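Text of data_26.cif, listed as mmCIF, C-alpha atoms:
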```cif
data_work
loop_
_atom_site.group_PDB
_atom_site.id
_atom_site.type_symbol
_atom_site.label_atom_id
_atom_site.label_comp_id
_atom_site.auth_asym_id
_atom_site.auth_seq_id
_atom_site.Cartn_x
_atom_site.Cartn_y
_atom_site.Cartn_z
ATOM 1 C CA GLN A 1 98.828 90.995 65.404
ATOM 2 C CA VAL A 2 97.988 94.281 63.693
ATOM 3 C CA GLN A 3 99.076 97.870 64.276
ATOM 4 C CA LEU A 4 96.675 100.701 63.467
ATOM 5 C CA VAL A 5 97.393 104.344 62.652
ATOM 6 C CA GLU A 6 94.682 106.965 62.142
ATOM 7 C CA SER A 7 95.073 110.136 60.109
ATOM 8 C CA GLY A 8 92.967 112.862 58.542
ATOM 9 C CA GLY A 9 91.741 114.697 61.591
ATOM 10 C CA GLY A 10 91.635 118.455 61.810
ATOM 11 C CA SER A 11 89.664 121.558 62.693
ATOM 12 C CA VAL A 12 86.627 122.374 60.576
ATOM 13 C CA GLN A 13 83.433 124.388 60.659
ATOM 14 C CA ALA A 14 80.022 122.904 61.305
ATOM 15 C CA GLY A 15 78.608 121.554 58.055
ATOM 16 C CA ASP A 16 82.024 120.690 56.634
ATOM 17 C CA SER A 17 83.344 117.241 55.790
ATOM 18 C CA LEU A 18 86.382 115.198 56.763
ATOM 19 C CA ARG A 19 87.688 111.801 55.752
ATOM 20 C CA LEU A 20 89.596 109.788 58.313
ATOM 21 C CA THR A 21 91.924 106.967 57.360
ATOM 22 C CA CYS A 22 93.015 103.956 59.399
ATOM 23 C CA LEU A 23 96.095 102.247 58.021
ATOM 24 C CA ALA A 24 96.974 98.804 59.319
ATOM 25 C CA THR A 25 100.221 96.915 59.303
ATOM 26 C CA GLY A 26 100.488 93.270 60.160
ATOM 27 C CA ARG A 27 98.941 90.072 58.974
ATOM 28 C CA ALA A 28 95.449 89.004 57.961
ATOM 29 C CA PHE A 29 93.882 92.479 57.863
ATOM 30 C CA SER A 30 91.041 91.145 55.734
ATOM 31 C CA GLU A 31 89.999 88.755 58.498
ATOM 32 C CA TYR A 32 89.328 91.442 61.099
ATOM 33 C CA THR A 33 86.084 93.175 61.952
ATOM 34 C CA LEU A 34 86.888 96.877 62.170
ATOM 35 C CA GLY A 35 85.352 99.734 64.057
ATOM 36 C CA TRP A 36 85.483 103.473 64.685
ATOM 37 C CA PHE A 37 85.037 104.973 68.126
ATOM 38 C CA ARG A 38 85.349 108.510 69.449
ATOM 39 C CA GLN A 39 85.844 110.250 72.746
ATOM 40 C CA GLY A 40 84.715 113.807 73.286
ATOM 41 C CA PRO A 41 86.128 116.117 75.929
ATOM 42 C CA GLY A 42 85.136 114.874 79.354
ATOM 43 C CA GLU A 43 83.097 112.049 77.869
ATOM 44 C CA ASP A 44 83.351 108.294 77.701
ATOM 45 C CA ARG A 45 84.461 106.610 74.523
ATOM 46 C CA GLU A 46 81.500 105.927 72.248
ATOM 47 C CA PHE A 47 80.808 103.685 69.307
ATOM 48 C CA VAL A 48 80.654 105.299 65.866
ATOM 49 C CA GLY A 49 80.431 102.385 63.451
ATOM 50 C CA THR A 50 81.676 98.939 62.525
ATOM 51 C CA ILE A 51 82.307 97.053 59.293
ATOM 52 C CA SER A 52 82.617 93.348 58.657
ATOM 53 C CA ASP A 53 85.654 91.699 57.098
ATOM 54 C CA SER A 54 83.996 91.529 53.669
ATOM 55 C CA SER A 55 82.302 94.947 53.912
ATOM 56 C CA ARG A 56 78.936 93.251 53.443
ATOM 57 C CA ALA A 57 77.721 94.343 56.864
ATOM 58 C CA ILE A 58 78.045 97.820 58.368
ATOM 59 C CA ARG A 59 76.419 99.306 61.429
ATOM 60 C CA TYR A 60 76.367 102.928 62.577
ATOM 61 C CA ALA A 61 75.545 104.702 65.781
ATOM 62 C CA ASP A 62 72.244 106.558 65.591
ATOM 63 C CA SER A 63 74.053 109.855 66.065
ATOM 64 C CA VAL A 64 76.028 109.513 62.817
ATOM 65 C CA ARG A 65 73.785 107.406 60.599
ATOM 66 C CA GLY A 66 73.129 109.155 57.299
ATOM 67 C CA ARG A 67 76.117 111.485 57.749
ATOM 68 C CA PHE A 68 79.056 109.085 58.137
ATOM 69 C CA THR A 69 80.084 106.315 55.730
ATOM 70 C CA ILE A 70 82.558 103.586 56.617
ATOM 71 C CA THR A 71 84.437 101.683 53.943
ATOM 72 C CA ARG A 72 87.501 99.469 53.811
ATOM 73 C CA ASP A 73 90.006 98.397 51.204
ATOM 74 C CA ASN A 74 91.474 95.058 52.190
ATOM 75 C CA GLY A 75 93.978 95.192 49.346
ATOM 76 C CA LYS A 76 95.482 98.323 50.902
ATOM 77 C CA ASN A 77 94.981 97.415 54.565
ATOM 78 C CA THR A 78 92.947 100.555 55.003
ATOM 79 C CA MET A 79 89.633 101.642 56.486
ATOM 80 C CA PHE A 80 87.974 105.005 55.998
ATOM 81 C CA VAL A 81 85.188 107.022 57.497
ATOM 82 C CA GLN A 82 83.733 109.805 55.382
ATOM 83 C CA MET A 83 82.144 112.328 57.718
ATOM 84 C CA ASN A 84 79.716 114.806 56.187
ATOM 85 C CA SER A 85 77.568 117.542 57.711
ATOM 86 C CA LEU A 86 79.806 117.637 60.747
ATOM 87 C CA GLN A 87 78.329 119.008 63.946
ATOM 88 C CA VAL A 88 79.944 120.501 67.022
ATOM 89 C CA GLU A 89 78.903 117.361 68.871
ATOM 90 C CA ASP A 90 81.173 115.310 66.583
ATOM 91 C CA THR A 91 84.235 116.853 68.213
ATOM 92 C CA GLY A 92 86.576 114.341 69.792
ATOM 93 C CA VAL A 93 89.458 111.951 69.338
ATOM 94 C CA TYR A 94 88.602 109.298 66.789
ATOM 95 C CA TYR A 95 90.018 105.811 67.137
ATOM 96 C CA CYS A 96 89.999 102.850 64.811
ATOM 97 C CA ALA A 97 89.973 99.355 66.211
ATOM 98 C CA ALA A 98 90.297 95.784 64.970
ATOM 99 C CA SER A 99 88.754 92.631 66.317
ATOM 100 C CA ARG A 100 89.346 88.957 65.662
ATOM 101 C CA ARG A 101 85.671 88.342 66.437
ATOM 102 C CA PRO A 102 83.230 88.009 63.540
ATOM 103 C CA PHE A 103 80.760 90.811 62.896
ATOM 104 C CA GLY A 104 77.897 88.578 63.952
ATOM 105 C CA ILE A 105 74.291 89.642 63.599
ATOM 106 C CA VAL A 106 74.396 93.119 65.156
ATOM 107 C CA GLY A 107 78.065 94.048 64.778
ATOM 108 C CA LEU A 108 80.674 94.803 67.413
ATOM 109 C CA THR A 109 79.631 97.954 69.264
ATOM 110 C CA ARG A 110 81.538 97.646 72.549
ATOM 111 C CA GLY A 111 85.125 98.635 73.034
ATOM 112 C CA ASP A 112 85.924 95.448 74.910
ATOM 113 C CA GLU A 113 85.097 93.442 71.806
ATOM 114 C CA TYR A 114 88.149 94.833 70.031
ATOM 115 C CA ASP A 115 91.704 93.590 70.330
ATOM 116 C CA TYR A 116 93.791 96.344 68.728
ATOM 117 C CA TRP A 117 93.526 100.139 68.774
ATOM 118 C CA GLY A 118 95.153 103.058 67.053
ATOM 119 C CA GLN A 119 96.464 106.123 68.851
ATOM 120 C CA GLY A 120 93.623 108.368 67.699
ATOM 121 C CA THR A 121 93.242 111.486 65.595
ATOM 122 C CA GLN A 122 91.641 114.732 66.786
ATOM 123 C CA VAL A 123 88.558 116.137 65.093
ATOM 124 C CA THR A 124 87.389 119.572 66.161
ATOM 125 C CA VAL A 125 84.177 121.056 64.795
ATOM 126 C CA SER A 126 83.381 124.678 65.597
ATOM 127 C CA SER A 127 80.184 126.591 65.049
#
```

As structure tokens, what does this structure read like?
Amino acid sequence: QVQLVESGGGSVQAGDSLRLTCLATGRAFSEYTLGWFRQGPGEDREFVGTISDSSRAIRYADSVRGRFTITRDNGKNTMFVQMNSLQVEDTGVYYCAASRRPFGIVGLTRGDEYDYWGQGTQVTVSS
């Protein structure tokens, strides 16, 4: 089992950058596929990106590709998402998630594919 805690959220202006961190405690962090999801006000949770256990495979949602970069450091049980050129539409609660399933060919893009979730961190982007 793994416990996940997100941090790094805040309120920024459009065009600014933020770096979110997901810190995991528990065993076998390096064996999990990890993901980032977000939920805007009044919206359903949506996929942001996912990274394989070895970091060799990463997939992004079309809405963030080219602006967001996901990395992980298995030695420190940590995953990051660097978010650049933030837009108002990026506002929401950001969640990290871990799955025992392998990344596969296309990555894990559905919430029900993940076994563990953090509590979320708020990101607010204003114009």

Output of the PyMOL selection byres ((chain A and resi 20) around 7), listed as a list in words
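After applying the PyMOL selection byres ((chain A and resi 20) around 7), what remains is Glu6, Ser7, Gly8, Gly9, Leu18, Arg19, Thr21, Cys22, Phe80, Val81 and Gln82 of chain A.
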
As a VMD selection string, please: the residues near A:Arg38 (cut-off 6 Å, all atoms listed in the file, same-chain neighbours under 6 positions excluded).
chain A and resid 45 to 46 92 to 95

Got time to write the residues from that selection, C-alpha atoms, as an mmCIF file, in the coordinates of the input?
```
data_model
loop_
_atom_site.group_PDB
_atom_site.id
_atom_site.type_symbol
_atom_site.label_atom_id
_atom_site.label_comp_id
_atom_site.auth_asym_id
_atom_site.auth_seq_id
_atom_site.Cartn_x
_atom_site.Cartn_y
_atom_site.Cartn_z
ATOM 1 C CA ARG A 45 84.461 106.610 74.523
ATOM 2 C CA GLU A 46 81.500 105.927 72.248
ATOM 3 C CA GLY A 92 86.576 114.341 69.792
ATOM 4 C CA VAL A 93 89.458 111.951 69.338
ATOM 5 C CA TYR A 94 88.602 109.298 66.789
ATOM 6 C CA TYR A 95 90.018 105.811 67.137
#
```

Which protein, DNA or RNA residues have an atom at most 8 Å from (83.7, 118.1, 68.8), counting all atoms listed in the file? List them as a PDB file with C-alpha atoms, in the coordinates of the input.
```
ATOM      1  CA  GLY A  40      84.715 113.807  73.286  1.00  0.00           C
ATOM      2  CA  PRO A  41      86.128 116.117  75.929  1.00  0.00           C
ATOM      3  CA  GLN A  87      78.329 119.008  63.946  1.00  0.00           C
ATOM      4  CA  VAL A  88      79.944 120.501  67.022  1.00  0.00           C
ATOM      5  CA  GLU A  89      78.903 117.361  68.871  1.00  0.00           C
ATOM      6  CA  ASP A  90      81.173 115.310  66.583  1.00  0.00           C
ATOM      7  CA  THR A  91      84.235 116.853  68.213  1.00  0.00           C
ATOM      8  CA  GLY A  92      86.576 114.341  69.792  1.00  0.00           C
ATOM      9  CA  VAL A 123      88.558 116.137  65.093  1.00  0.00           C
ATOM     10  CA  THR A 124      87.389 119.572  66.161  1.00  0.00           C
ATOM     11  CA  VAL A 125      84.177 121.056  64.795  1.00  0.00           C
ATOM     12  CA  SER A 126      83.381 124.678  65.597  1.00  0.00           C
TER      13      SER A 126
END
```

Neighbours of A:Thr71 within 12 Å (only C-alpha atoms; same-chain residues fewer than 4 positions away dropped), as a PDB file with C-alpha atoms, in the frame of the given file?
```
ATOM      1  CA  ARG A  19      87.688 111.801  55.752  1.00  0.00           C
ATOM      2  CA  LEU A  20      89.596 109.788  58.313  1.00  0.00           C
ATOM      3  CA  THR A  21      91.924 106.967  57.360  1.00  0.00           C
ATOM      4  CA  CYS A  22      93.015 103.956  59.399  1.00  0.00           C
ATOM      5  CA  THR A  33      86.084  93.175  61.952  1.00  0.00           C
ATOM      6  CA  LEU A  34      86.888  96.877  62.170  1.00  0.00           C
ATOM      7  CA  GLY A  35      85.352  99.734  64.057  1.00  0.00           C
ATOM      8  CA  TRP A  36      85.483 103.473  64.685  1.00  0.00           C
ATOM      9  CA  GLY A  49      80.431 102.385  63.451  1.00  0.00           C
ATOM     10  CA  THR A  50      81.676  98.939  62.525  1.00  0.00           C
ATOM     11  CA  ILE A  51      82.307  97.053  59.293  1.00  0.00           C
ATOM     12  CA  SER A  52      82.617  93.348  58.657  1.00  0.00           C
ATOM     13  CA  ASP A  53      85.654  91.699  57.098  1.00  0.00           C
ATOM     14  CA  SER A  54      83.996  91.529  53.669  1.00  0.00           C
ATOM     15  CA  SER A  55      82.302  94.947  53.912  1.00  0.00           C
ATOM     16  CA  ARG A  56      78.936  93.251  53.443  1.00  0.00           C
ATOM     17  CA  ALA A  57      77.721  94.343  56.864  1.00  0.00           C
ATOM     18  CA  ILE A  58      78.045  97.820  58.368  1.00  0.00           C
ATOM     19  CA  ARG A  59      76.419  99.306  61.429  1.00  0.00           C
ATOM     20  CA  TYR A  60      76.367 102.928  62.577  1.00  0.00           C
ATOM     21  CA  LYS A  76      95.482  98.323  50.902  1.00  0.00           C
ATOM     22  CA  ASN A  77      94.981  97.415  54.565  1.00  0.00           C
ATOM     23  CA  THR A  78      92.947 100.555  55.003  1.00  0.00           C
ATOM     24  CA  MET A  79      89.633 101.642  56.486  1.00  0.00           C
ATOM     25  CA  PHE A  80      87.974 105.005  55.998  1.00  0.00           C
ATOM     26  CA  VAL A  81      85.188 107.022  57.497  1.00  0.00           C
ATOM     27  CA  GLN A  82      83.733 109.805  55.382  1.00  0.00           C
ATOM     28  CA  MET A  83      82.144 112.328  57.718  1.00  0.00           C
TER      29      MET A  83
END
```

Could you please determine the separation between atom CA of A:Gly26 and atom CA of A:Gln1 in Å, to one decimal place?
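Separation between atom CA of A:Gly26 and atom CA of A:Gln1: 6.0 Å.
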
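Evaluated against this file, the PyMOL selection byres ((chain A and resi 30) around 7) yields A:Ala28, A:Phe29, A:Glu31, A:Tyr32, A:Asp53, A:Asn74.
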
Box along x, y and z, 5 Å on every side, all listed atoms of stretch 101-118 of chain A inside: centre and edge lengths in Å to one decimal, as AutoDock Vina command-line options.
```
--center_x 84.7 --center_y 95.5 --center_z 68.9 --size_x 30.9 --size_y 25.0 --size_z 22.0
```

Compare A:Gln122, A:Ser127, A:Thr109, A:Thr69 by their minimum atom-to-atom distance to A:Gln39, counting all atoms listed in the file, and give me the closest one.
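Under the stated criterion, the closest residue is A:Gln122.
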
Please determine, counting only C-alpha atoms, which residue among A:Leu23, A:Val12, A:Phe103, A:Phe37 has the shortest atom-to-atom distance to A:Ala61.
A:Phe37

Minimum-distance residue to A:Pro102, chosen among A:Tyr114, A:Gln119, A:Arg67, A:Gly15 (using all atoms listed in the file):
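Among A:Tyr114, A:Gln119, A:Arg67, A:Gly15, it is A:Tyr114 that comes nearest to A:Pro102.
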
Measuring between all atoms listed in the file, which one of A:Thr121, A:Gln3, A:Gln13, A:Asn84 shows the shortest distance to A:Ala98?
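Answer, going by the shortest atom-to-atom distance: A:Gln3.
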
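With distances restricted to all atoms listed in the file, A:Ala97 is the closest residue to A:Phe47 from A:Val5, A:Ala14, A:Ala97, A:Ile105.
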
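The coordinates place atom CA of A:Arg101 at 20.2 Å from atom CA of A:Gly75.
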
For the atom pair atom CA of A:Arg100 and atom CA of A:Asp112, what is the interatomic distance in Å to one decimal place?
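It comes out at 11.8 Å.
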
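Among the candidates A:Gly104, A:Gly10, A:Asp44, A:Cys96, the one nearest to A:Tyr116 when counting all atoms listed in the file is A:Cys96.
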